[in-house]
Amino acid sequence: MNATPAETTGPALRTLSGLRFSKGHGTGNDFVLVADPDGTHAIGADQAAALCDRHRGIGGDGLIRAVPSRFLPEGRELLAGAPNAEWFMDYRNADGSLSEMCGNGVRVFVHFLRTQGLIDLPDGGSLTIGTRGGVKTVVRTGDGYAVDMGPWEFIFPGEASAKAMDSLVTADGLEVARPALSVSMGNPHTVVALAELSELAGTRLFTAPKVDPVPANGTNVEFVVPAEPLVHDGVGSVTMRVHERGVGETQSCGTGACAAAVAIRHWAGAEAPDAWRVHVPGGVVGVKFFAGPGGHEHVELSGPAVIVASGTLS
Ligand SMILES: N[C@H](CCC[C@H](N)C(=O)O)C(=O)O
């Protein structure tokens, strides 16, 4: 991730002096979280990037502002069809860019609302929230949260070939194009199939892998290796690393784990299971396919959420 320039970070943070914040993560995908129940603390791109800066700010893969949906035009639009989506996850990537969705972020967002005393959600209870990727329903489970991520779809007809600089270059320096699938989970993903993760060994995904074709608003790129055997006790298993749009390599990506399961399940064919475990550097998340309303297949993402600390900006 590119650090924000010093001349931007300092002034941006000074505009936020006294701000109460928390730090949390879901399988190592970490966020700076701000509660804004009165809708008076909009956080812009430079401010978000400064808060997420790991050397001059608090540090995080993204910034999550918890704000009542009624205070945002996107939220008011959602309330028309989902009046119970009282809270809105206002999410920005570490570089300050907006993104439609953040799967790990939704779990940490709901956990944050609970720890702030802004909602009451008993074990087994469910909550509907608003995001720029639509309304999401979240259930509190015994060991975290399960999110109905909604329907998935392929972004391009057929399969898109993908190339990744510095990580899939063969010994004789040839760029290796791999089969890939571009999948929308509310945000764009390009899933690249590898035979084994050792092909990425020793590689930090510093630069955005080259993919072809590129989705209109850029893409998150997942490198995925199926387990051997792919299915055990009826559950499929894959291992993945990810270069996130607007961030860089992260320990985990919830929407990316869903996209990876969509792609591997597509490649595995009709016998592939509906339940998956996705192993990421930061832990393991569950992905499950189920028949959603209107006959669309939905994806459920499940996993832990942790609030590490809270503080006040100097
Ligand atoms: N960087 C992503 C957003 C965060 C996604 C990821 N953190 C997740 O858990 O889904 C994008 O620009 O689409």
# chains A, B, ... in the order shown; residues from 1 in each chain; ligands from 1
>>> closest_atom_pairs(of="chain A", to="ligand 1", cutoff="7 Å", atoms="only C-alpha atoms and all ligand atoms", output="JSON lines")
{"residue": "A:Asn29", "atom": "CA", "partner": "ligand 1", "partner_atom_place_in_ligand_line": "7 (N)", "distance": 6.2}
{"residue": "A:Asn93", "atom": "CA", "partner": "ligand 1", "partner_atom_place_in_ligand_line": "1 (N)", "distance": 5.8}
{"residue": "A:Ser99", "atom": "CA", "partner": "ligand 1", "partner_atom_place_in_ligand_line": "12 (O)", "distance": 4.7}
{"residue": "A:Glu100", "atom": "CA", "partner": "ligand 1", "partner_atom_place_in_ligand_line": "13 (O)", "distance": 6.5}
{"residue": "A:Met101", "atom": "CA", "partner": "ligand 1", "partner_atom_place_in_ligand_line": "3 (C)", "distance": 5.8}
{"residue": "A:Cys102", "atom": "CA", "partner": "ligand 1", "partner_atom_place_in_ligand_line": "10 (O)", "distance": 3.4}
{"residue": "A:Gly103", "atom": "CA", "partner": "ligand 1", "partner_atom_place_in_ligand_line": "10 (O)", "distance": 3.8}
{"residue": "A:Asn104", "atom": "CA", "partner": "ligand 1", "partner_atom_place_in_ligand_line": "9 (O)", "distance": 3.8}
{"residue": "A:Gly105", "atom": "CA", "partner": "ligand 1", "partner_atom_place_in_ligand_line": "9 (O)", "distance": 5.5}
{"residue": "A:Asn187", "atom": "CA", "partner": "ligand 1", "partner_atom_place_in_ligand_line": "13 (O)", "distance": 4.7}
{"residue": "A:Pro188", "atom": "CA", "partner": "ligand 1", "partner_atom_place_in_ligand_line": "13 (O)", "distance": 6.0}
{"residue": "A:Thr219", "atom": "CA", "partner": "ligand 1", "partner_atom_place_in_ligand_line": "13 (O)", "distance": 6.7}
{"residue": "A:Asn220", "atom": "CA", "partner": "ligand 1", "partner_atom_place_in_ligand_line": "13 (O)", "distance": 6.0}
{"residue": "A:Glu244", "atom": "CA", "partner": "ligand 1", "partner_atom_place_in_ligand_line": "1 (N)", "distance": 4.5}
{"residue": "A:Arg245", "atom": "CA", "partner": "ligand 1", "partner_atom_place_in_ligand_line": "12 (O)", "distance": 4.4}
{"residue": "A:Gly246", "atom": "CA", "partner": "ligand 1", "partner_atom_place_in_ligand_line": "1 (N)", "distance": 5.4}
{"residue": "A:Val247", "atom": "CA", "partner": "ligand 1", "partner_atom_place_in_ligand_line": "1 (N)", "distance": 6.0}
{"residue": "A:Ser252", "atom": "CA", "partner": "ligand 1", "partner_atom_place_in_ligand_line": "9 (O)", "distance": 6.6}
{"residue": "A:Cys253", "atom": "CA", "partner": "ligand 1", "partner_atom_place_in_ligand_line": "9 (O)", "distance": 3.8}
{"residue": "A:Gly254", "atom": "CA", "partner": "ligand 1", "partner_atom_place_in_ligand_line": "9 (O)", "distance": 3.6}
{"residue": "A:Thr255", "atom": "CA", "partner": "ligand 1", "partner_atom_place_in_ligand_line": "10 (O)", "distance": 3.7}
{"residue": "A:Gly256", "atom": "CA", "partner": "ligand 1", "partner_atom_place_in_ligand_line": "10 (O)", "distance": 5.8}
>>> residues_around(residues="stretch 82-91 of chain A", least_positions_apart="6", cutoff="8 Å", atoms="only C-alpha atoms", output="VMD selection string")
chain A and resid 62 to 70 75 98 to 102 106 109 127 to 132 135
>>> select_by_dssp(residues="stretch 141-285 of chain A", states="alpha helix (DSSP H)", output="list in words")
Gly254, Thr255, Gly256, Ala257, Cys258, Ala259, Ala260, Ala261, Val262, Ala263, Ile264, Arg265, His266, Trp267 and Ala268 of chain A
>>> residues_around(residues="A:Gly144", least_positions_apart="2", cutoff="7 Å", atoms="only C-alpha atoms", output="list in words")
Arg140, Thr141, Gly142, Gly303, Pro304 and Ala305 of chain A
>>> write_last_selection(atoms="N, CA and C atoms", output="JSON list (two decimals), in the first residue's frame")
[["chain", "number", "residue", "atom", "x", "y", "z"],
["A", 140, "ARG", "N", -25.81, -12.87, 14.22],
["A", 140, "ARG", "CA", -24.76, -13.14, 15.23],
["A", 140, "ARG", "C", -24.73, -14.64, 15.50],
["A", 141, "THR", "N", -23.56, -15.24, 15.31],
["A", 141, "THR", "CA", -23.43, -16.68, 15.54],
["A", 141, "THR", "C", -22.60, -16.89, 16.81],
["A", 142, "GLY", "N", -22.41, -18.13, 17.19],
["A", 142, "GLY", "CA", -21.67, -18.41, 18.43],
["A", 142, "GLY", "C", -20.24, -17.90, 18.39],
["A", 303, "GLY", "N", -17.59, -15.67, 9.76],
["A", 303, "GLY", "CA", -16.26, -15.61, 10.36],
["A", 303, "GLY", "C", -16.25, -14.73, 11.59],
["A", 304, "PRO", "N", -15.10, -14.57, 12.21],
["A", 304, "PRO", "CA", -14.98, -13.83, 13.46],
["A", 304, "PRO", "C", -14.91, -12.32, 13.25],
["A", 305, "ALA", "N", -15.06, -11.59, 14.35],
["A", 305, "ALA", "CA", -14.86, -10.13, 14.34],
["A", 305, "ALA", "C", -14.32, -9.73, 15.70]]
>>> residues_around(residues="A:Val242", least_positions_apart="3", cutoff="9 Å", atoms="only C-alpha atoms", output="list in words")
Leu205, Asn220, Val221, Glu222, Phe223, Val224, Gly248, Glu249, Thr250, Gln251, Ser252, Cys253, Gly256 and Val280 of chain A
>>> closest_residue(among="A:Ser182, A:Thr137, A:Ser198, A:Thr190", to="A:Leu301", atoms="only C-alpha atoms")
A:Thr137
>>> atom_distance(atom1="atom CA of A:His111", atom2="atom CA of A:Asp36")
15.2 Å
>>> select_by_dssp(residues="stretch 150-268 of chain A", states="strand (DSSP E)", output="PyMOL selection string")
chain A and resi 150-151+153-154+160-163+177-184+188-193+220-232+235-244+248-250
>>> closest_atom_pairs(of="stretch 169-237 of chain A", to="stretch 282-300 of chain A", cutoff="10 Å", atoms="only C-alpha atoms", output="Markdown table")
| residue | atom | partner | partner_atom | distance |
| --- | --- | --- | --- | --- |
| A:Met185 | CA | A:Val299 | CA | 8.8 |
| A:Val235 | CA | A:Lys288 | CA | 9.5 |
| A:Gly236 | CA | A:Val287 | CA | 9.5 |
| A:Ser237 | CA | A:Gly286 | CA | 9.5 |
>>> residues_around(residues="A:Arg14", least_positions_apart="5", cutoff="9 Å", atoms="only C-alpha atoms", output="ChimeraX atom specification")
/A:9,313-314
>>> write_last_selection(atoms="C-alpha atoms", output="short mmCIF file (atom, residue, chain, number, x, y, z; two decimals), in the first residue's frame")
data_model
loop_
_atom_site.label_atom_id
_atom_site.label_comp_id
_atom_site.auth_asym_id
_atom_site.auth_seq_id
_atom_site.Cartn_x
_atom_site.Cartn_y
_atom_site.Cartn_z
CA THR A 9 -1.32 13.01 6.57
CA LEU A 313 -7.00 11.12 18.19
CA SER A 314 -4.56 13.68 19.63
#
>>> closest_residue(among="A:Cys52, A:Ala35, A:Leu200, A:Ala261", to="A:Pro226", atoms="only C-alpha atoms")
A:Ala261
>>> residues_around(residues="A:Gly158", least_positions_apart="3", cutoff="10 Å", atoms="only C-alpha atoms", output="list in words")
Phe154, Ile155, Ser161, Ala180, Leu181 and Ser182 of chain A
>>> closest_residue(among="A:Thr239, A:Thr27, A:Gln116, A:Ser310", to="A:Ile264", atoms="only C-alpha atoms")
A:Thr239
>>> decode(residues="stretch 117-128 of chain A", atoms="N, CA and C atoms", output="PDB file, in the first residue's frame")
ATOM      1  N   GLY A 117     -22.545  -0.174  22.204  1.00  0.00           N
ATOM      2  CA  GLY A 117     -23.870  -0.055  22.824  1.00  0.00           C
ATOM      3  C   GLY A 117     -24.887   0.620  21.924  1.00  0.00           C
ATOM      4  N   LEU A 118     -24.613   0.640  20.625  1.00  0.00           N
ATOM      5  CA  LEU A 118     -25.531   1.308  19.690  1.00  0.00           C
ATOM      6  C   LEU A 118     -26.629   0.376  19.212  1.00  0.00           C
ATOM      7  N   ILE A 119     -26.381  -0.932  19.357  1.00  0.00           N
ATOM      8  CA  ILE A 119     -27.438  -1.915  19.030  1.00  0.00           C
ATOM      9  C   ILE A 119     -27.401  -3.015  20.089  1.00  0.00           C
ATOM     10  N   ASP A 120     -28.503  -3.736  20.161  1.00  0.00           N
ATOM     11  CA  ASP A 120     -28.546  -4.938  21.000  1.00  0.00           C
ATOM     12  C   ASP A 120     -28.791  -6.108  20.043  1.00  0.00           C
ATOM     13  N   LEU A 121     -27.868  -7.061  20.026  1.00  0.00           N
ATOM     14  CA  LEU A 121     -28.019  -8.181  19.094  1.00  0.00           C
ATOM     15  C   LEU A 121     -27.705  -9.470  19.842  1.00  0.00           C
ATOM     16  N   PRO A 122     -28.739 -10.152  20.337  1.00  0.00           N
ATOM     17  CA  PRO A 122     -28.504 -11.392  21.079  1.00  0.00           C
ATOM     18  C   PRO A 122     -27.929 -12.481  20.176  1.00  0.00           C
ATOM     19  N   ASP A 123     -27.325 -13.492  20.750  1.00  0.00           N
ATOM     20  CA  ASP A 123     -26.791 -14.612  19.969  1.00  0.00           C
ATOM     21  C   ASP A 123     -27.942 -15.198  19.135  1.00  0.00           C
ATOM     22  N   GLY A 124     -27.719 -15.369  17.831  1.00  0.00           N
ATOM     23  CA  GLY A 124     -28.776 -15.883  16.958  1.00  0.00           C
ATOM     24  C   GLY A 124     -29.638 -14.790  16.373  1.00  0.00           C
ATOM     25  N   GLY A 125     -29.482 -13.560  16.907  1.00  0.00           N
ATOM     26  CA  GLY A 125     -30.292 -12.444  16.388  1.00  0.00           C
ATOM     27  C   GLY A 125     -29.772 -11.955  15.046  1.00  0.00           C
ATOM     28  N   SER A 126     -30.626 -11.263  14.285  1.00  0.00           N
ATOM     29  CA  SER A 126     -30.182 -10.741  12.981  1.00  0.00           C
ATOM     30  C   SER A 126     -30.437  -9.247  12.879  1.00  0.00           C
ATOM     31  N   LEU A 127     -29.624  -8.598  12.035  1.00  0.00           N
ATOM     32  CA  LEU A 127     -29.681  -7.146  11.862  1.00  0.00           C
ATOM     33  C   LEU A 127     -29.527  -6.854  10.384  1.00  0.00           C
ATOM     34  N   THR A 128     -30.280  -5.886   9.893  1.00  0.00           N
ATOM     35  CA  THR A 128     -30.128  -5.465   8.490  1.00  0.00           C
ATOM     36  C   THR A 128     -29.411  -4.123   8.465  1.00  0.00           C
TER      37      THR A 128
END
